[in-house]
Amino acid sequence: MTVDNLIGMSRYRLQPTPAQEQMLAEHCGHARFVWNLAVEQHRHWKPGRTSAPGFAEQCRQLTEARAESAWLRAGSVTVQQQALKDFAQAMANYFGQSHRKPTWRKRGQNEGFRIVAVRPGDVRRLSRKVGEVKIPKVGWVRFCWSRSVPHGAKSHRVTRDAAGRWHVAFAAIPEPIPAPGTGEVVGIDRGVAVSAALSTGELLTAPTLRQAEQERLARLLRKLSRAKRGSNRRVKVKLAVARLKARESDRRKDWIEKATTDLARRFDVIAVENLNISSMTRSARGTLQAPGRNIAAKAGLNRGILAAGWGRLVERLEHKAPGRVVKINPAYTSQRCSACGIVDAKARESQAAFRCRSCGYAANADVNAARNIRDTAAGHAVAARGRSGLPGRTNREPHPDPLSV
Ligand SMILES: [Zn+2]
């Protein structure tokens, strides 16, 4: 296994010439246009109506659209078809409840396109620090060879972030990480107070901006609100804001890669809540879907991290530990005492503290939830009264085929 697979990130800074940059931006525009067309079509779909067009039908419509529009026709059909495929995948993820429903793409935000069927010769190294990647209709575009490029990448994605930086990411699905073979099951709760809590008692926190960076961001946002629309100053400030946000998002992505590699290495079975992200964010706005969640605190959370971060975490776990990730029904995981099994809506003393009024068991609320998740996955309905719930207790317990849960 290469270092890249362990780190998981294989994103490189692209260095397009100004002319290439213009063509890349065209590809982004086409991909966005096609994607939004697909969103539009699915908007009109309501239960009971004839189904929204599938991928094949959309490809036919794309052909028509290309015949009518010189602008689209000038672009790469590969790029445009791939945008449709990505959309189909996004819908599948949505129905599989791992991701939010795909929505409109806006100009300047998360711009990008994907190239598939990449051949080995389409990426080459020029010197120690410089590589080149072949992009349809653009040709060879240089990138900064900041680390080794993973072998066998079947596709790559070119993106332009809000700060105007271009990247290419080679999508090599990481090789599965072998299970340690200890039989150990870990439960992970999508934390409210922290990013994730493990049934072992560990609390994982995704990095955010540092104090000084947060202050700088606050200053920039104030400046932005005062800057005149369309002024040069506004553009400058906006760019600086985008750069800070991109830095934060990079850090979180790195963190997710490291955390998921670590989990896949340490545990045989990884249990997570089967969260419907869309209902989760809805519930933050007021409808109670999963009982026992603190709505007020949730609403105050950074929903971006919840939605994007959690989906990505689970997705990477499934890549790295295929067949070892168990999704369980989240009902009552935060209200149930992991020691005695009593469900008690009032046991949650505060956002962070769980205290069972029946057996006296006290724990971090997210850790308690993580233990319930672990136990559900491991197939034991919470065991008898008096269970200590000490970290690592289940390590030595045999678990009856958790994968069948
Ligand atoms: Zn209890």
# chains A, B, ... in the order shown; residues from 1 in each chain; ligands from 1
>>> select_by_dssp(residues="range 171-236 of chain A", states="strand (DSSP E or B)", output="ChimeraX atom specification")
/A:171,185-190,196-198,203-204
>>> write_last_selection(atoms="N, CA and C atoms", output="JSON list (two decimals), in the first residue's frame")
[["chain", "number", "residue", "atom", "x", "y", "z"],
["A", 171, "ALA", "N", -8.76, 9.91, -8.56],
["A", 171, "ALA", "CA", -9.64, 9.08, -7.75],
["A", 171, "ALA", "C", -9.22, 7.64, -7.83],
["A", 185, "VAL", "N", -15.56, -4.45, 17.92],
["A", 185, "VAL", "CA", -16.56, -3.61, 17.27],
["A", 185, "VAL", "C", -16.45, -2.22, 17.89],
["A", 186, "VAL", "N", -16.50, -1.19, 17.06],
["A", 186, "VAL", "CA", -16.52, 0.16, 17.61],
["A", 186, "VAL", "C", -17.80, 0.84, 17.14],
["A", 187, "GLY", "N", -18.40, 1.60, 18.03],
["A", 187, "GLY", "CA", -19.56, 2.40, 17.65],
["A", 187, "GLY", "C", -19.11, 3.85, 17.52],
["A", 188, "ILE", "N", -19.62, 4.53, 16.51],
["A", 188, "ILE", "CA", -19.28, 5.94, 16.34],
["A", 188, "ILE", "C", -20.56, 6.75, 16.35],
["A", 189, "ASP", "N", -20.58, 7.73, 17.20],
["A", 189, "ASP", "CA", -21.72, 8.64, 17.21],
["A", 189, "ASP", "C", -21.31, 9.93, 16.54],
["A", 190, "ARG", "N", -22.15, 10.37, 15.65],
["A", 190, "ARG", "CA", -21.94, 11.68, 15.06],
["A", 190, "ARG", "C", -22.20, 12.67, 16.18],
["A", 196, "ALA", "N", -17.10, 13.51, 16.46],
["A", 196, "ALA", "CA", -17.49, 12.11, 16.54],
["A", 196, "ALA", "C", -17.02, 11.57, 17.88],
["A", 197, "ALA", "N", -17.84, 10.70, 18.46],
["A", 197, "ALA", "CA", -17.47, 10.05, 19.71],
["A", 197, "ALA", "C", -17.39, 8.56, 19.45],
["A", 198, "LEU", "N", -16.38, 7.91, 20.02],
["A", 198, "LEU", "CA", -16.23, 6.47, 19.85],
["A", 198, "LEU", "C", -16.70, 5.77, 21.11],
["A", 203, "LEU", "N", -12.97, 11.02, 22.00],
["A", 203, "LEU", "CA", -13.73, 12.08, 21.36],
["A", 203, "LEU", "C", -12.88, 12.66, 20.24],
["A", 204, "LEU", "N", -13.41, 12.62, 19.04],
["A", 204, "LEU", "CA", -12.66, 13.12, 17.90],
["A", 204, "LEU", "C", -13.21, 14.48, 17.48]]
>>> residues_near_ligand(ligand="ligand 1", cutoff="6 Å", atoms="only C-alpha atoms and all ligand atoms", output="PyMOL selection string")
chain A and resi 337+339-340+342+356+358-361
>>> write_last_selection(atoms="N, CA and C atoms", output="PDB file, in the first residue's frame")
ATOM      1  N   CYS A 337     -29.716   4.228  28.119  1.00  0.00           N
ATOM      2  CA  CYS A 337     -28.533   4.037  28.945  1.00  0.00           C
ATOM      3  C   CYS A 337     -27.779   2.829  28.416  1.00  0.00           C
ATOM      4  N   ALA A 339     -25.576   1.236  29.863  1.00  0.00           N
ATOM      5  CA  ALA A 339     -25.246   0.289  30.925  1.00  0.00           C
ATOM      6  C   ALA A 339     -26.427  -0.603  31.274  1.00  0.00           C
ATOM      7  N   CYS A 340     -27.617  -0.003  31.476  1.00  0.00           N
ATOM      8  CA  CYS A 340     -28.745  -0.826  31.903  1.00  0.00           C
ATOM      9  C   CYS A 340     -29.826  -0.959  30.839  1.00  0.00           C
ATOM     10  N   ILE A 342     -32.158   1.153  29.898  1.00  0.00           N
ATOM     11  CA  ILE A 342     -33.398   1.928  30.070  1.00  0.00           C
ATOM     12  C   ILE A 342     -33.410   3.128  29.126  1.00  0.00           C
ATOM     13  N   CYS A 356     -27.793   8.266  33.974  1.00  0.00           N
ATOM     14  CA  CYS A 356     -28.960   7.391  34.034  1.00  0.00           C
ATOM     15  C   CYS A 356     -29.605   7.517  35.406  1.00  0.00           C
ATOM     16  N   SER A 358     -31.779   5.607  36.492  1.00  0.00           N
ATOM     17  CA  SER A 358     -32.166   4.283  36.960  1.00  0.00           C
ATOM     18  C   SER A 358     -30.983   3.562  37.605  1.00  0.00           C
ATOM     19  N   CYS A 359     -29.822   3.579  36.934  1.00  0.00           N
ATOM     20  CA  CYS A 359     -28.677   2.833  37.489  1.00  0.00           C
ATOM     21  C   CYS A 359     -27.522   3.742  37.894  1.00  0.00           C
ATOM     22  N   GLY A 360     -27.630   5.016  37.590  1.00  0.00           N
ATOM     23  CA  GLY A 360     -26.585   5.933  38.024  1.00  0.00           C
ATOM     24  C   GLY A 360     -25.400   6.054  37.084  1.00  0.00           C
ATOM     25  N   TYR A 361     -25.428   5.292  36.014  1.00  0.00           N
ATOM     26  CA  TYR A 361     -24.331   5.352  35.034  1.00  0.00           C
ATOM     27  C   TYR A 361     -24.207   6.764  34.457  1.00  0.00           C
TER      28      TYR A 361
END
>>> residues_around(residues="Gly29 in chain A", least_positions_apart="5", cutoff="12 Å", atoms="only C-alpha atoms", output="PyMOL selection string")
chain A and resi 22-24+34-36+71-72+74-76+79-80+83+105-113+159-160
>>> closest_residue(among="A:Gly121, A:Trp310, A:Ala31, A:Glu26", to="Leu84 in chain A", atoms="only C-alpha atoms")
A:Ala31
>>> closest_residue(among="A:Val367, A:Ala377, A:Ala242, A:Leu224", to="Gly164 in chain A", atoms="only C-alpha atoms")
A:Ala242
>>> closest_residue(among="A:Ile373, A:Ala19, A:Ala363, A:Val235", to="Val269 in chain A", atoms="only C-alpha atoms")
A:Ile373
>>> closest_residue(among="A:Asn372, A:Gln15, A:Thr261, A:Ser334", to="Glu132 in chain A", atoms="only C-alpha atoms")
A:Gln15
>>> closest_residue(among="A:Thr182, A:Thr200, A:Ser146, A:Asn232", to="Ser127 in chain A", atoms="only C-alpha atoms")
A:Ser146
>>> residues_around(residues="Ala352 in chain A", least_positions_apart="2", cutoff="8 Å", atoms="only C-alpha atoms", output="ChimeraX atom specification")
/A:193,348-350,354,364-366
>>> write_last_selection(atoms="C-alpha atoms", output="PDB file, in the first residue's frame")
ATOM      1  CA  ALA A 193     -20.540  18.586  21.107  1.00  0.00           C
ATOM      2  CA  ARG A 348     -29.463  13.655  29.139  1.00  0.00           C
ATOM      3  CA  GLU A 349     -28.492  16.226  31.737  1.00  0.00           C
ATOM      4  CA  SER A 350     -26.968  18.587  29.265  1.00  0.00           C
ATOM      5  CA  PHE A 354     -25.610  11.603  30.256  1.00  0.00           C
ATOM      6  CA  ASN A 364     -20.256  11.750  28.044  1.00  0.00           C
ATOM      7  CA  ALA A 365     -23.571  11.774  26.177  1.00  0.00           C
ATOM      8  CA  ASP A 366     -21.994  11.134  22.791  1.00  0.00           C
TER       9      ASP A 366
END
>>> closest_residue(among="A:Pro150, A:Gly139, A:Pro120, A:Gly201", to="Asn368 in chain A", atoms="only C-alpha atoms")
A:Gly201
>>> atom_distance(atom1="CA of His156 in chain A", atom2="CA of Ala169 in chain A")
5.4 Å
>>> residues_around(residues="Arg324 in chain A", least_positions_apart="2", cutoff="10 Å", atoms="only C-alpha atoms", output="list of chain:residue names")
A:Ala179, A:Val185, A:Ala264, A:Phe267, A:Asp268, A:Val269, A:Ile270, A:Ala271, A:Leu317, A:Glu318, A:His319, A:Lys320, A:Ala321, A:Pro322, A:Val326, A:Lys327, A:Pro402, A:Leu403
>>> select_by_dssp(residues="range 172-372 of chain A", states="helix (DSSP H, G or I)", output="short mmCIF file (atom, residue, chain, number, x, y, z; two decimals) with C-alpha atoms, in the first residue's frame")
data_model
loop_
_atom_site.label_atom_id
_atom_site.label_comp_id
_atom_site.auth_asym_id
_atom_site.auth_seq_id
_atom_site.Cartn_x
_atom_site.Cartn_y
_atom_site.Cartn_z
CA GLN A 211 -8.00 31.40 16.91
CA ALA A 212 -6.01 33.97 14.96
CA GLU A 213 -7.52 32.76 11.70
CA GLN A 214 -11.02 32.98 13.10
CA GLU A 215 -10.39 36.53 14.19
CA ARG A 216 -9.04 37.36 10.78
CA LEU A 217 -12.11 35.80 9.17
CA ALA A 218 -14.42 37.85 11.39
CA ARG A 219 -12.51 41.01 10.43
CA LEU A 220 -12.71 40.15 6.75
CA LEU A 221 -16.43 39.49 6.96
CA ARG A 222 -16.97 42.88 8.57
CA LYS A 223 -14.93 44.47 5.82
CA LEU A 224 -16.92 42.60 3.23
CA SER A 225 -20.21 43.88 4.58
CA ARG A 226 -18.90 47.44 4.24
CA ASN A 232 -12.16 45.98 -6.46
CA ARG A 233 -11.84 46.00 -2.72
CA ARG A 234 -14.84 43.71 -2.39
CA VAL A 235 -13.37 41.23 -4.83
CA LYS A 236 -10.10 41.23 -2.88
CA VAL A 237 -11.80 40.68 0.47
CA LYS A 238 -14.01 37.97 -0.95
CA LEU A 239 -10.97 36.14 -2.25
CA ALA A 240 -9.29 36.35 1.14
CA VAL A 241 -12.41 34.96 2.82
CA ALA A 242 -12.57 32.14 0.30
CA ARG A 243 -8.90 31.32 0.92
CA LEU A 244 -9.45 30.97 4.64
CA LYS A 245 -12.51 28.80 4.14
CA ALA A 246 -10.66 26.63 1.66
CA ARG A 247 -7.90 26.17 4.23
CA GLU A 248 -10.43 25.04 6.80
CA SER A 249 -12.06 22.62 4.39
CA ASP A 250 -8.65 21.17 3.41
CA ARG A 251 -7.86 20.56 7.04
CA ARG A 252 -11.13 18.77 7.62
CA LYS A 253 -10.66 16.57 4.60
CA ASP A 254 -7.18 15.63 5.76
CA TRP A 255 -8.56 14.88 9.17
CA ILE A 256 -11.27 12.62 7.77
CA GLU A 257 -8.65 10.66 5.83
CA LYS A 258 -6.52 10.13 8.89
CA ALA A 259 -9.42 9.31 11.19
CA THR A 260 -10.95 6.77 8.80
CA THR A 261 -7.62 5.04 8.16
CA ASP A 262 -7.08 4.78 11.88
CA LEU A 263 -10.55 3.34 12.50
CA ALA A 264 -10.28 0.82 9.67
CA ARG A 265 -6.95 -0.39 11.09
CA ARG A 266 -8.00 -0.67 14.70
CA ILE A 277 -28.67 13.49 6.11
CA SER A 278 -31.58 15.43 4.67
CA SER A 279 -33.91 14.52 7.51
CA MET A 280 -31.13 15.33 9.90
CA THR A 281 -30.70 18.85 8.67
CA ARG A 282 -34.46 19.24 8.52
CA SER A 283 -34.79 18.19 12.11
CA ALA A 284 -32.32 20.84 13.07
CA ILE A 295 -32.67 20.40 18.61
CA ALA A 296 -31.55 23.78 19.88
CA ALA A 297 -27.91 22.83 20.09
CA LYS A 298 -28.06 21.14 16.75
CA ALA A 299 -29.48 24.14 15.02
CA ARG A 303 -24.51 22.22 9.37
CA GLY A 304 -22.02 22.14 6.57
CA ILE A 305 -19.74 19.92 8.56
CA LEU A 306 -22.58 17.73 9.68
CA ALA A 307 -23.88 17.19 6.24
CA ALA A 308 -20.75 17.08 4.13
CA GLY A 309 -18.37 15.89 6.81
CA TRP A 310 -20.37 12.97 8.09
CA GLY A 311 -21.33 11.71 4.64
CA ARG A 312 -17.71 11.82 3.60
CA LEU A 313 -16.52 10.10 6.75
CA VAL A 314 -18.88 7.18 6.24
CA GLU A 315 -18.06 6.98 2.55
CA ARG A 316 -14.33 6.81 3.21
CA LEU A 317 -14.87 4.20 5.90
CA GLU A 318 -16.76 2.09 3.40
CA HIS A 319 -13.89 2.44 0.94
CA LYS A 320 -11.25 1.54 3.47
CA ALA A 365 -23.57 11.77 26.18
CA ASP A 366 -21.99 11.13 22.79
CA VAL A 367 -19.92 8.27 24.15
CA ASN A 368 -23.04 6.74 25.66
CA ALA A 369 -24.70 6.96 22.26
CA ALA A 370 -21.63 5.46 20.57
CA ARG A 371 -21.80 2.49 22.96
CA ASN A 372 -25.44 1.91 22.10
#
>>> atom_distance(atom1="CA of Asn274 in chain A", atom2="CA of Arg374 in chain A")
12.7 Å
